[in-house]
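Enquirer: Got a structure for you, target-v2.pdb, holding PDB, C-alpha atoms and all ligand atoms.
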```pdb
ATOM      1  CA  MET A   1      40.061 -26.234  56.715
ATOM      2  CA  PHE A   2      37.852 -23.486  55.421
ATOM      3  CA  ARG A   3      40.058 -23.067  52.345
ATOM      4  CA  PHE A   4      40.170 -26.781  51.733
ATOM      5  CA  LYS A   5      36.328 -26.903  51.746
ATOM      6  CA  ASN A   6      36.253 -24.085  49.233
ATOM      7  CA  TYR A   7      38.613 -25.995  46.929
ATOM      8  CA  ILE A   8      36.376 -29.041  47.149
ATOM      9  CA  LEU A   9      33.354 -26.892  46.319
ATOM     10  CA  VAL A  10      35.092 -25.405  43.281
ATOM     11  CA  ILE A  11      36.098 -28.862  42.052
ATOM     12  CA  VAL A  12      32.582 -30.258  42.551
ATOM     13  CA  VAL A  13      30.964 -27.322  40.699
ATOM     14  CA  ALA A  14      33.504 -27.566  37.865
ATOM     15  CA  ALA A  15      32.863 -31.294  37.550
ATOM     16  CA  MET A  16      29.113 -30.690  37.421
ATOM     17  CA  LEU A  17      29.536 -28.078  34.692
ATOM     18  CA  LEU A  18      31.738 -30.377  32.682
ATOM     19  CA  THR A  19      29.222 -33.205  32.842
ATOM     20  CA  ALA A  20      26.441 -30.813  31.849
ATOM     21  CA  CYS A  21      28.426 -29.715  28.792
ATOM     22  CA  GLY A  22      29.476 -33.273  28.094
ATOM     23  CA  ASN A  23      25.811 -34.246  27.698
ATOM     24  CA  LYS A  24      25.506 -31.963  24.714
ATOM     25  CA  ALA A  25      26.405 -33.597  21.471
ATOM     26  CA  PRO A  26      28.454 -31.591  19.011
ATOM     27  CA  ALA A  27      26.404 -29.976  16.240
ATOM     28  CA  SER A  28      27.198 -32.467  13.541
ATOM     29  CA  GLU A  29      26.706 -35.576  15.636
ATOM     30  CA  LYS A  30      24.599 -38.297  14.060
ATOM     31  CA  ALA A  31      21.519 -39.763  15.687
ATOM     32  CA  SER A  32      21.945 -42.908  17.796
ATOM     33  CA  CYS A  33      20.215 -44.948  15.042
ATOM     34  CA  ALA A  34      22.859 -43.866  12.447
ATOM     35  CA  PRO A  35      23.760 -45.051   9.846
ATOM     36  CA  ASN A  36      20.473 -46.922   9.594
ATOM     37  CA  CYS A  37      17.948 -44.322  10.726
ATOM     38  CA  LYS A  38      14.596 -44.571   8.969
ATOM     39  CA  TYR A  39      11.853 -41.983   8.593
ATOM     40  CA  THR A  40       9.957 -43.754  11.367
ATOM     41  CA  ASP A  41      12.837 -42.960  13.751
ATOM     42  CA  MET A  42      12.528 -39.222  13.076
ATOM     43  CA  THR A  43      10.969 -36.513  15.215
ATOM     44  CA  PHE A  44      10.931 -33.380  13.071
ATOM     45  CA  CYS A  45      10.067 -29.902  14.300
ATOM     46  CA  TYR A  46       8.470 -27.369  11.936
ATOM     47  CA  PRO A  47       7.751 -24.011  13.591
ATOM     48  CA  GLN A  48       5.736 -22.656  10.655
ATOM     49  CA  LEU A  49       5.757 -18.880  10.359
ATOM     50  CA  GLY A  50       2.047 -18.372   9.787
ATOM     51  CA  ALA A  51      -0.965 -19.002   7.578
ATOM     52  CA  GLU A  52      -0.831 -15.729   5.672
ATOM     53  CA  SER A  53      -1.256 -17.018   2.117
ATOM     54  CA  ASP A  54      -2.287 -19.912  -0.115
ATOM     55  CA  TRP A  55       1.422 -20.547  -0.645
ATOM     56  CA  ARG A  56       1.833 -21.010   3.105
ATOM     57  CA  THR A  57      -1.218 -23.277   3.367
ATOM     58  CA  ALA A  58       0.248 -25.493   0.644
ATOM     59  CA  ASN A  59       3.636 -25.493   2.375
ATOM     60  CA  THR A  60       2.057 -26.591   5.655
ATOM     61  CA  ALA A  61       0.055 -29.305   3.882
ATOM     62  CA  SER A  62       3.207 -30.557   2.174
ATOM     63  CA  PHE A  63       4.991 -30.990   5.531
ATOM     64  CA  LYS A  64       1.988 -32.538   7.273
ATOM     65  CA  GLU A  65       0.955 -34.919   4.482
ATOM     66  CA  THR A  66       4.486 -36.081   3.726
ATOM     67  CA  ALA A  67       5.178 -36.698   7.433
ATOM     68  CA  GLY A  68       2.014 -38.799   7.570
ATOM     69  CA  GLU A  69       3.009 -40.816   4.509
ATOM     70  CA  LEU A  70       6.571 -41.451   5.696
ATOM     71  CA  GLY A  71       5.728 -42.132   9.342
ATOM     72  CA  ILE A  72       7.676 -39.129  10.669
ATOM     73  CA  ARG A  73       6.633 -37.684  14.026
ATOM     74  CA  LEU A  74       6.013 -34.018  13.220
ATOM     75  CA  ILE A  75       5.896 -31.277  15.838
ATOM     76  CA  PHE A  76       4.099 -28.440  14.054
ATOM     77  CA  SER A  77       3.216 -24.955  15.244
ATOM     78  CA  ASP A  78       1.930 -21.720  13.659
ATOM     79  CA  ALA A  79       3.707 -18.523  14.743
ATOM     80  CA  GLN A  80       1.124 -16.163  13.218
ATOM     81  CA  GLN A  81       3.849 -14.174  11.462
ATOM     82  CA  LYS A  82       5.578 -13.329  14.776
ATOM     83  CA  GLN A  83       9.271 -14.075  15.144
ATOM     84  CA  GLU A  84       9.060 -14.352  18.937
ATOM     85  CA  ASN A  85       6.503 -17.169  18.546
ATOM     86  CA  GLN A  86       8.803 -19.006  16.154
ATOM     87  CA  ILE A  87      11.695 -18.654  18.583
ATOM     88  CA  SER A  88       9.722 -20.021  21.530
ATOM     89  CA  ALA A  89       8.413 -22.913  19.391
ATOM     90  CA  MET A  90      12.029 -23.705  18.475
ATOM     91  CA  ARG A  91      13.095 -23.583  22.129
ATOM     92  CA  SER A  92      10.340 -25.995  23.063
ATOM     93  CA  CYS A  93      11.515 -28.372  20.298
ATOM     94  CA  ILE A  94      15.105 -28.139  21.544
ATOM     95  CA  GLN A  95      13.866 -29.050  25.022
ATOM     96  CA  GLN A  96      11.982 -32.017  23.595
ATOM     97  CA  GLU A  97      15.241 -33.145  21.932
ATOM     98  CA  VAL A  98      13.809 -33.462  18.428
ATOM     99  CA  ASP A  99      16.091 -34.944  15.767
ATOM    100  CA  VAL A 100      15.950 -32.114  13.217
ATOM    101  CA  ILE A 101      14.355 -28.649  13.030
ATOM    102  CA  GLY A 102      13.106 -27.091   9.759
ATOM    103  CA  LEU A 103      12.884 -23.320  10.160
ATOM    104  CA  PRO A 104      10.975 -21.123   7.670
ATOM    105  CA  PRO A 105      12.104 -17.753   9.087
ATOM    106  CA  VAL A 106       9.506 -14.979   8.986
ATOM    107  CA  VAL A 107      12.285 -12.346   8.762
ATOM    108  CA  GLU A 108      15.997 -12.611   7.985
ATOM    109  CA  ASP A 109      17.568 -11.063  11.098
ATOM    110  CA  GLY A 110      17.625 -12.061  14.749
ATOM    111  CA  TRP A 111      18.156 -15.837  14.669
ATOM    112  CA  GLU A 112      21.701 -16.087  16.073
ATOM    113  CA  ALA A 113      20.751 -16.862  19.683
ATOM    114  CA  VAL A 114      18.244 -19.647  19.037
ATOM    115  CA  LEU A 115      20.341 -21.170  16.228
ATOM    116  CA  THR A 116      23.285 -21.293  18.628
ATOM    117  CA  GLU A 117      21.082 -23.018  21.221
ATOM    118  CA  ALA A 118      20.059 -25.662  18.671
ATOM    119  CA  LYS A 119      23.666 -26.125  17.616
ATOM    120  CA  ASN A 120      24.820 -26.538  21.207
ATOM    121  CA  ALA A 121      22.082 -29.105  21.747
ATOM    122  CA  GLY A 122      23.350 -31.067  18.724
ATOM    123  CA  ILE A 123      20.109 -30.511  16.752
ATOM    124  CA  PRO A 124      20.682 -29.677  13.079
ATOM    125  CA  VAL A 125      18.526 -26.909  11.610
ATOM    126  CA  ILE A 126      17.500 -26.777   7.952
ATOM    127  CA  ILE A 127      16.447 -23.245   6.960
ATOM    128  CA  VAL A 128      13.379 -23.700   4.750
ATOM    129  CA  ASP A 129      11.903 -21.284   2.158
ATOM    130  CA  ARG A 130      13.110 -17.782   3.205
ATOM    131  CA  SER A 131      16.723 -17.126   4.204
ATOM    132  CA  VAL A 132      18.406 -15.924   7.416
ATOM    133  CA  SER A 133      21.224 -13.408   7.783
ATOM    134  CA  ALA A 134      22.937 -15.499  10.503
ATOM    135  CA  SER A 135      26.292 -17.115   9.821
ATOM    136  CA  PRO A 136      25.941 -20.371   7.825
ATOM    137  CA  ASP A 137      27.880 -22.313  10.429
ATOM    138  CA  LEU A 138      24.913 -21.923  12.775
ATOM    139  CA  TYR A 139      22.702 -24.132  10.567
ATOM    140  CA  ALA A 140      23.023 -27.250   8.438
ATOM    141  CA  ALA A 141      21.574 -26.071   5.100
ATOM    142  CA  HIS A 142      19.013 -23.921   3.295
ATOM    143  CA  ILE A 143      16.337 -25.304   0.959
ATOM    144  CA  GLY A 144      14.083 -22.811  -0.814
ATOM    145  CA  SER A 145      13.518 -20.517  -3.751
ATOM    146  CA  ASP A 146      15.910 -18.012  -5.241
ATOM    147  CA  MET A 147      13.882 -14.938  -4.306
ATOM    148  CA  LYS A 148      16.242 -12.547  -6.080
ATOM    149  CA  LEU A 149      15.855 -14.495  -9.316
ATOM    150  CA  GLU A 150      12.069 -14.283  -8.927
ATOM    151  CA  GLY A 151      12.342 -10.482  -8.728
ATOM    152  CA  GLU A 152      14.600 -10.455 -11.783
ATOM    153  CA  ARG A 153      12.106 -12.561 -13.712
ATOM    154  CA  ALA A 154       9.320 -10.139 -12.835
ATOM    155  CA  ALA A 155      11.489  -7.216 -14.017
ATOM    156  CA  GLU A 156      12.108  -8.928 -17.358
ATOM    157  CA  GLU A 157       8.337  -9.080 -17.937
ATOM    158  CA  PHE A 158       8.080  -5.311 -17.437
ATOM    159  CA  ASN A 159      11.116  -4.706 -19.665
ATOM    160  CA  LYS A 160       9.526  -6.761 -22.465
ATOM    161  CA  HIS A 161       6.144  -5.096 -22.131
ATOM    162  CA  PHE A 162       7.363  -1.504 -21.763
ATOM    163  CA  PRO A 163      10.320  -1.079 -24.136
ATOM    164  CA  ASN A 164       9.664   2.678 -24.127
ATOM    165  CA  GLY A 165       9.502   2.936 -20.347
ATOM    166  CA  ALA A 166       6.727   3.190 -17.763
ATOM    167  CA  LYS A 167       5.877   4.073 -14.197
ATOM    168  CA  VAL A 168       5.068   1.205 -11.851
ATOM    169  CA  LEU A 169       4.007   0.542  -8.274
ATOM    170  CA  GLU A 170       5.280  -2.215  -6.024
ATOM    171  CA  LEU A 171       3.213  -4.064  -3.428
ATOM    172  CA  SER A 172       5.864  -5.790  -1.393
ATOM    173  CA  GLY A 173       5.843  -8.690   1.066
ATOM    174  CA  THR A 174       6.606  -8.757   4.788
ATOM    175  CA  THR A 175       9.224  -6.113   5.640
ATOM    176  CA  GLY A 176      12.580  -7.709   6.438
ATOM    177  CA  SER A 177      11.589 -11.153   5.105
ATOM    178  CA  GLY A 178      13.998 -12.942   2.790
ATOM    179  CA  ALA A 179      11.214 -13.244   0.214
ATOM    180  CA  ALA A 180      10.444  -9.498   0.107
ATOM    181  CA  VAL A 181      14.069  -8.395   0.342
ATOM    182  CA  GLY A 182      15.187 -10.774  -2.435
ATOM    183  CA  ARG A 183      12.297  -9.986  -4.783
ATOM    184  CA  ALA A 184      12.716  -6.218  -4.336
ATOM    185  CA  GLU A 185      16.453  -6.471  -4.921
ATOM    186  CA  GLY A 186      16.176  -8.670  -8.011
ATOM    187  CA  PHE A 187      13.441  -6.461  -9.454
ATOM    188  CA  ARG A 188      15.544  -3.328  -9.092
ATOM    189  CA  ALA A 189      18.663  -5.042 -10.400
ATOM    190  CA  LYS A 190      17.037  -6.056 -13.713
ATOM    191  CA  LEU A 191      14.485  -3.312 -14.352
ATOM    192  CA  ASN A 192      15.373  -1.103 -17.342
ATOM    193  CA  PRO A 193      16.355   2.438 -16.336
ATOM    194  CA  ASN A 194      13.372   3.861 -18.248
ATOM    195  CA  ILE A 195      10.959   2.059 -15.909
ATOM    196  CA  GLU A 196      10.439   3.956 -12.677
ATOM    197  CA  ILE A 197       9.114   2.522  -9.408
ATOM    198  CA  ILE A 198       7.079   5.496  -8.194
ATOM    199  CA  ASP A 199       6.006   3.945  -4.865
ATOM    200  CA  SER A 200       6.442   0.753  -2.864
ATOM    201  CA  GLN A 201       4.438  -0.311   0.196
ATOM    202  CA  THR A 202       4.105  -3.573   2.089
ATOM    203  CA  GLY A 203       0.926  -5.645   2.211
ATOM    204  CA  ASN A 204       2.568  -8.234   4.509
ATOM    205  CA  PHE A 205       1.840 -11.056   2.008
ATOM    206  CA  THR A 206      -1.895 -11.075   2.900
ATOM    207  CA  ARG A 207      -5.074 -10.265   0.970
ATOM    208  CA  ALA A 208      -6.528  -8.332   3.916
ATOM    209  CA  GLU A 209      -3.543  -6.006   4.222
ATOM    210  CA  ALA A 210      -3.001  -5.530   0.481
ATOM    211  CA  LEU A 211      -6.535  -4.208  -0.093
ATOM    212  CA  PRO A 212      -6.185  -0.944   1.901
ATOM    213  CA  VAL A 213      -2.653  -0.440   0.552
ATOM    214  CA  MET A 214      -3.996  -0.596  -3.007
ATOM    215  CA  GLN A 215      -6.869   1.704  -2.046
ATOM    216  CA  ALA A 216      -4.370   4.229  -0.691
ATOM    217  CA  PHE A 217      -2.295   3.949  -3.889
ATOM    218  CA  LEU A 218      -5.434   4.667  -5.924
ATOM    219  CA  GLN A 219      -6.150   7.790  -3.868
ATOM    220  CA  LYS A 220      -2.689   9.071  -4.687
ATOM    221  CA  TYR A 221      -2.058   7.902  -8.252
ATOM    222  CA  LYS A 222      -4.354   7.724 -11.261
ATOM    223  CA  PRO A 223      -4.173   4.300 -12.961
ATOM    224  CA  GLY A 224      -3.060   4.513 -16.586
ATOM    225  CA  VAL A 225      -1.901   8.115 -16.092
ATOM    226  CA  ASP A 226       0.421   8.144 -13.079
ATOM    227  CA  PHE A 227       1.318   4.440 -13.357
ATOM    228  CA  GLN A 228       0.913   1.668 -15.933
ATOM    229  CA  GLY A 229       1.864  -1.438 -13.997
ATOM    230  CA  ILE A 230       2.180  -3.103 -10.602
ATOM    231  CA  PHE A 231       4.696  -5.644  -9.350
ATOM    232  CA  ILE A 232       3.059  -7.630  -6.544
ATOM    233  CA  HIS A 233       5.189  -9.913  -4.339
ATOM    234  CA  ASN A 234       2.573 -12.686  -4.030
ATOM    235  CA  ASP A 235      -0.752 -13.856  -5.438
ATOM    236  CA  ASP A 236      -2.728 -13.314  -2.242
ATOM    237  CA  MET A 237      -1.823  -9.622  -2.171
ATOM    238  CA  GLY A 238      -2.645  -9.550  -5.881
ATOM    239  CA  ILE A 239      -6.128 -10.843  -5.149
ATOM    240  CA  GLY A 240      -6.565  -8.194  -2.436
ATOM    241  CA  ALA A 241      -5.353  -5.530  -4.865
ATOM    242  CA  ILE A 242      -7.788  -6.682  -7.578
ATOM    243  CA  GLU A 243     -10.668  -6.052  -5.155
ATOM    244  CA  ALA A 244      -9.514  -2.450  -4.753
ATOM    245  CA  LEU A 245      -8.953  -2.020  -8.511
ATOM    246  CA  LYS A 246     -12.403  -3.375  -9.355
ATOM    247  CA  ALA A 247     -14.030  -1.045  -6.837
ATOM    248  CA  ALA A 248     -12.192   1.881  -8.458
ATOM    249  CA  GLY A 249     -13.510   0.949 -11.905
ATOM    250  CA  VAL A 250     -10.225  -0.418 -13.284
ATOM    251  CA  LYS A 251     -10.757  -3.180 -15.841
ATOM    252  CA  PRO A 252      -8.611  -6.323 -16.364
ATOM    253  CA  GLY A 253      -5.808  -5.466 -18.763
ATOM    254  CA  ASP A 254      -5.890  -1.704 -18.048
ATOM    255  CA  LEU A 255      -2.719  -2.206 -16.023
ATOM    256  CA  PHE A 256       0.213  -4.586 -16.524
ATOM    257  CA  ILE A 257       0.343  -6.718 -13.375
ATOM    258  CA  VAL A 258       2.986  -9.305 -12.528
ATOM    259  CA  SER A 259       2.720 -11.418  -9.390
ATOM    260  CA  VAL A 260       4.660 -14.228  -7.710
ATOM    261  CA  ASP A 261       3.791 -17.763  -6.492
ATOM    262  CA  GLY A 262       1.686 -19.425  -9.201
ATOM    263  CA  THR A 263      -1.140 -20.478  -6.879
ATOM    264  CA  ARG A 264      -4.555 -21.439  -8.204
ATOM    265  CA  GLY A 265      -5.715 -17.938  -7.259
ATOM    266  CA  GLY A 266      -2.911 -16.495  -9.349
ATOM    267  CA  PHE A 267      -3.825 -18.711 -12.298
ATOM    268  CA  GLN A 268      -7.459 -17.617 -11.974
ATOM    269  CA  ALA A 269      -6.311 -13.966 -12.016
ATOM    270  CA  MET A 270      -4.470 -14.711 -15.291
ATOM    271  CA  VAL A 271      -7.548 -16.436 -16.753
ATOM    272  CA  ASP A 272      -9.620 -13.386 -15.749
ATOM    273  CA  GLY A 273      -7.138 -11.048 -17.437
ATOM    274  CA  TRP A 274      -5.800  -9.306 -14.297
ATOM    275  CA  PHE A 275      -2.278 -10.771 -14.145
ATOM    276  CA  GLN A 276      -0.072 -10.758 -17.247
ATOM    277  CA  ALA A 277       2.505 -13.108 -15.746
ATOM    278  CA  ASP A 278       2.946 -15.127 -12.552
ATOM    279  CA  VAL A 279       6.476 -16.015 -11.413
ATOM    280  CA  GLU A 280       6.506 -19.501  -9.908
ATOM    281  CA  CYS A 281       7.512 -20.074  -6.286
ATOM    282  CA  ASN A 282       7.097 -23.682  -5.220
ATOM    283  CA  PRO A 283       5.880 -24.365  -1.656
ATOM    284  CA  LEU A 284       5.882 -28.181  -1.871
ATOM    285  CA  LEU A 285       9.155 -28.610  -0.020
ATOM    286  CA  GLY A 286       8.235 -31.352   2.483
ATOM    287  CA  PRO A 287       9.714 -34.405   0.683
ATOM    288  CA  GLN A 288      13.034 -32.703  -0.092
ATOM    289  CA  VAL A 289      13.485 -31.332   3.408
ATOM    290  CA  TYR A 290      12.684 -34.682   5.066
ATOM    291  CA  GLU A 291      15.106 -36.465   2.763
ATOM    292  CA  MET A 292      17.854 -34.087   3.846
ATOM    293  CA  ALA A 293      16.842 -34.428   7.514
ATOM    294  CA  LEU A 294      17.256 -38.200   7.272
ATOM    295  CA  LYS A 295      20.704 -37.773   5.730
ATOM    296  CA  LEU A 296      21.667 -35.485   8.592
ATOM    297  CA  MET A 297      20.497 -38.073  11.128
ATOM    298  CA  ASN A 298      22.568 -40.722   9.382
ATOM    299  CA  GLY A 299      25.619 -38.481   9.144
ATOM    300  CA  GLU A 300      25.552 -38.536   5.342
ATOM    301  CA  PRO A 301      26.893 -35.589   3.328
ATOM    302  CA  ILE A 302      24.348 -32.994   2.174
ATOM    303  CA  GLU A 303      24.276 -29.991  -0.125
ATOM    304  CA  ARG A 304      24.266 -26.799   1.935
ATOM    305  CA  GLU A 305      22.240 -24.619  -0.450
ATOM    306  CA  VAL A 306      19.426 -26.196  -2.469
ATOM    307  CA  LEU A 307      17.483 -23.858  -4.740
ATOM    308  CA  THR A 308      14.139 -24.883  -6.236
ATOM    309  CA  ASN A 309      13.839 -25.057 -10.015
ATOM    310  CA  GLU A 310      11.124 -22.646 -11.118
ATOM    311  CA  THR A 311       9.582 -20.951 -14.143
ATOM    312  CA  VAL A 312       7.186 -18.157 -15.195
ATOM    313  CA  TYR A 313       3.537 -18.764 -16.121
ATOM    314  CA  TYR A 314       1.495 -16.748 -18.630
ATOM    315  CA  PRO A 315      -2.220 -16.210 -19.367
ATOM    316  CA  ASP A 316      -2.136 -18.012 -22.744
ATOM    317  CA  ASN A 317      -2.166 -21.485 -21.164
ATOM    318  CA  ALA A 318      -3.370 -20.578 -17.669
ATOM    319  CA  ALA A 319      -6.863 -22.037 -18.185
ATOM    320  CA  GLU A 320      -5.383 -25.306 -19.403
ATOM    321  CA  LEU A 321      -2.930 -25.559 -16.488
ATOM    322  CA  LEU A 322      -5.281 -24.379 -13.728
ATOM    323  CA  PRO A 323      -6.854 -27.808 -13.061
ATOM    324  CA  THR A 324      -3.412 -29.405 -12.786
ATOM    325  CA  ARG A 325      -2.141 -26.954 -10.158
ATOM    326  CA  LYS A 326      -1.409 -28.575  -6.801
ATOM    327  CA  TYR A 327      -1.666 -25.380  -4.749
TER
HETATM  328  O1  LIG B 401       5.711 -16.075  -1.830
HETATM  329  C1  LIG B 401       4.179 -15.857  -0.039
HETATM  330  C2  LIG B 401       4.246 -16.334   1.358
HETATM  331  O2  LIG B 401       8.235 -17.071   1.690
HETATM  332  C3  LIG B 401       8.149 -17.777  -0.536
HETATM  333  O3  LIG B 401       5.615 -16.284   1.670
HETATM  334  C4  LIG B 401       7.389 -17.429   0.672
HETATM  335  C5  LIG B 401       6.356 -16.351   0.487
HETATM  336  C6  LIG B 401       5.347 -16.577  -0.601
HETATM  337  O4  LIG B 401       3.418 -15.726   2.209
HETATM  338  O5  LIG B 401       2.965 -16.153  -0.638
END
```
Could you render the structure as structure tokens?
Ligand code: GYE
Expert:
Amino acid sequence: MFRFKNYILVIVVAAMLLTACGNKAPASEKASCAPNCKYTDMTFCYPQLGAESDWRTANTASFKETAGELGIRLIFSDAQQKQENQISAMRSCIQQEVDVIGLPPVVEDGWEAVLTEAKNAGIPVIIVDRSVSASPDLYAAHIGSDMKLEGERAAEEFNKHFPNGAKVLELSGTTGSGAAVGRAEGFRAKLNPNIEIIDSQTGNFTRAEALPVMQAFLQKYKPGVDFQGIFIHNDDMGIGAIEALKAAGVKPGDLFIVSVDGTRGGFQAMVDGWFQADVECNPLLGPQVYEMALKLMNGEPIEREVLTNETVYYPDNAAELLPTRKY
């Protein structure tokens, strides 16, 4: 009798587990409105990584404004550059059974667990902007910039300007972020061997953190003597660095400075003579990401890696272009 009861218990528990698993849709399952889902059917989760830069502000605005225009229900949060906040925001979205998650990962590593949870819940994830190191079968697609190419483009500017070689500094972005890793890698891959990177420190993509880093550089190295140029991973850090340079008596044009993003602040720095080139990185990804999210809901085929088409801007037409800049 006792044994028989135990068997029953085992069968009941197994049946419960099976039903629990059975409730989870497989990762690629379409939404119940497929193949006719509309934007107004969509609940989209965007656990934004922070508000560290003008690029990020424009990226947030692009997702919010586009959702408003298309009638998408957007669940937005700001993780303040902390991965654990992004992960808990994602978990809350999984619990709320959103249709699609767009994840702009603050760093590349450490996403396997939460991506697996989303996959098991049948919620497709589009990696937005920076990349992740997790296996591509844990997410639907990646839409963003080619960060390595941006670094290569910056290197080409230094190669052109310093055919006889130079010493340069690097102010890099958030340590471990796809944007900083890619830009640093591309820069080193293309830089001529006669150009030496004498030091590289992170300013975490913010003005506030770049300022003391530049001040510390200036304590250690004499501008124009110990180094002739600076590669800066984004415009906001560039603006922070300019503050430090000004305070140290450096004049626009004394150093060859190349930055990344192409924000209005970056354009102004070119107009003012501080930046000699600004490598474009486009934050206005909302429309493209939502279009892909709708395709995923409808079970339509998508491209798994979508890289943004970008260019390099120069001071000669910066003043003319500045009023047309959208971010
Ligand atoms: O360049 C920087 C921002 O990930 C491409 O993050 C983005 C970078 C961008 O803070 O300004």
Enquirer: Please give me, as a PDB file with C-alpha atoms, keeping the file's coordinate frame, the residues lying within 9 Å of ligand LIG 401 (chain B) when counting only C-alpha atoms and all ligand atoms.
Expert:
```pdb
ATOM      1  CA  GLY A  50       2.047 -18.372   9.787  1.00  0.00           C
ATOM      2  CA  ALA A  51      -0.965 -19.002   7.578  1.00  0.00           C
ATOM      3  CA  GLU A  52      -0.831 -15.729   5.672  1.00  0.00           C
ATOM      4  CA  SER A  53      -1.256 -17.018   2.117  1.00  0.00           C
ATOM      5  CA  ASP A  54      -2.287 -19.912  -0.115  1.00  0.00           C
ATOM      6  CA  TRP A  55       1.422 -20.547  -0.645  1.00  0.00           C
ATOM      7  CA  ARG A  56       1.833 -21.010   3.105  1.00  0.00           C
ATOM      8  CA  THR A  57      -1.218 -23.277   3.367  1.00  0.00           C
ATOM      9  CA  PRO A 104      10.975 -21.123   7.670  1.00  0.00           C
ATOM     10  CA  PRO A 105      12.104 -17.753   9.087  1.00  0.00           C
ATOM     11  CA  VAL A 106       9.506 -14.979   8.986  1.00  0.00           C
ATOM     12  CA  VAL A 128      13.379 -23.700   4.750  1.00  0.00           C
ATOM     13  CA  ASP A 129      11.903 -21.284   2.158  1.00  0.00           C
ATOM     14  CA  ARG A 130      13.110 -17.782   3.205  1.00  0.00           C
ATOM     15  CA  SER A 131      16.723 -17.126   4.204  1.00  0.00           C
ATOM     16  CA  GLY A 144      14.083 -22.811  -0.814  1.00  0.00           C
ATOM     17  CA  SER A 145      13.518 -20.517  -3.751  1.00  0.00           C
ATOM     18  CA  MET A 147      13.882 -14.938  -4.306  1.00  0.00           C
ATOM     19  CA  GLY A 173       5.843  -8.690   1.066  1.00  0.00           C
ATOM     20  CA  THR A 174       6.606  -8.757   4.788  1.00  0.00           C
ATOM     21  CA  SER A 177      11.589 -11.153   5.105  1.00  0.00           C
ATOM     22  CA  GLY A 178      13.998 -12.942   2.790  1.00  0.00           C
ATOM     23  CA  ALA A 179      11.214 -13.244   0.214  1.00  0.00           C
ATOM     24  CA  ALA A 180      10.444  -9.498   0.107  1.00  0.00           C
ATOM     25  CA  ASN A 204       2.568  -8.234   4.509  1.00  0.00           C
ATOM     26  CA  PHE A 205       1.840 -11.056   2.008  1.00  0.00           C
ATOM     27  CA  THR A 206      -1.895 -11.075   2.900  1.00  0.00           C
ATOM     28  CA  HIS A 233       5.189  -9.913  -4.339  1.00  0.00           C
ATOM     29  CA  ASN A 234       2.573 -12.686  -4.030  1.00  0.00           C
ATOM     30  CA  ASP A 235      -0.752 -13.856  -5.438  1.00  0.00           C
ATOM     31  CA  ASP A 236      -2.728 -13.314  -2.242  1.00  0.00           C
ATOM     32  CA  MET A 237      -1.823  -9.622  -2.171  1.00  0.00           C
ATOM     33  CA  VAL A 260       4.660 -14.228  -7.710  1.00  0.00           C
ATOM     34  CA  ASP A 261       3.791 -17.763  -6.492  1.00  0.00           C
ATOM     35  CA  THR A 263      -1.140 -20.478  -6.879  1.00  0.00           C
ATOM     36  CA  GLU A 280       6.506 -19.501  -9.908  1.00  0.00           C
ATOM     37  CA  CYS A 281       7.512 -20.074  -6.286  1.00  0.00           C
ATOM     38  CA  ASN A 282       7.097 -23.682  -5.220  1.00  0.00           C
ATOM     39  CA  PRO A 283       5.880 -24.365  -1.656  1.00  0.00           C
TER      40      PRO A 283
END
```
Enquirer: Evaluating the PyMOL selection byres (((chain A and resi 290) around 9) and not hetatm) on the displayed file yields which residues, as a CSV table (one decimal) with C-alpha atoms, in the coordinates of the input?
Expert:
```csv
chain,number,residue,atom,x,y,z
A,39,TYR,CA,11.9,-42.0,8.6
A,44,PHE,CA,10.9,-33.4,13.1
A,63,PHE,CA,5.0,-31.0,5.5
A,66,THR,CA,4.5,-36.1,3.7
A,67,ALA,CA,5.2,-36.7,7.4
A,72,ILE,CA,7.7,-39.1,10.7
A,102,GLY,CA,13.1,-27.1,9.8
A,285,LEU,CA,9.2,-28.6,0.0
A,286,GLY,CA,8.2,-31.4,2.5
A,287,PRO,CA,9.7,-34.4,0.7
A,288,GLN,CA,13.0,-32.7,-0.1
A,289,VAL,CA,13.5,-31.3,3.4
A,291,GLU,CA,15.1,-36.5,2.8
A,292,MET,CA,17.9,-34.1,3.8
A,293,ALA,CA,16.8,-34.4,7.5
A,294,LEU,CA,17.3,-38.2,7.3
A,295,LYS,CA,20.7,-37.8,5.7
```
Enquirer: Can you spell out as a list in words the set of residues that the PyMOL selection byres (((chain A and resi 91) around 12) and not hetatm) selects in the structure I just provided?
Expert: Cys45, Tyr46, Pro47, Glu84, Asn85, Gln86, Ile87, Ser88, Ala89, Met90, Ser92, Cys93, Ile94, Gln95, Gln96, Glu97, Val98, Ile101, Leu103, Trp111, Ala113, Val114, Leu115, Thr116, Glu117, Ala118, Lys119, Ala121 and Ile123 of chain A
Enquirer: How many Å lie between atom CA of Pro35 of chain A and atom CA of Val100 of chain A, rounded to one decimal?
Expert: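 Separating atom CA of Pro35 of chain A from atom CA of Val100 of chain A is a distance of 15.5 Å.
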Enquirer: So how far away is atom CA of Asn194 of chain A from atom CA of Asn159 of chain A, in Å?
Expert: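 Spanning atom CA of Asn159 of chain A to atom CA of Asn194 of chain A is a straight-line distance of 9.0 Å.
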Enquirer: Tell me which of A:Ala216, A:Ala318, A:Gly224, A:Leu171 sits closest to Ser200 of chain A, counting all atoms listed in the file.
Expert: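 When distances to Ser200 of chain A are compared using all atoms listed in the file, the smallest one comes from A:Leu171.
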Enquirer: Interatomic distance between atom CA of Pro163 of chain A and atom CA of Asp146 of chain A?
Expert: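 Atom CA of Pro163 of chain A sits 26.0 Å away from atom CA of Asp146 of chain A.
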Enquirer: Which residues fall under the PyMOL selection byres (((chain A and resi 298-303) around 12) and not hetatm) in this file, as JSON, numbers by chain?
Expert: {"A": [27, 28, 29, 30, 31, 32, 33, 34, 35, 36, 37, 38, 39, 41, 42, 99, 100, 124, 126, 140, 141, 142, 143, 288, 289, 291, 292, 293, 294, 295, 296, 297, 304, 305, 306, 307]}
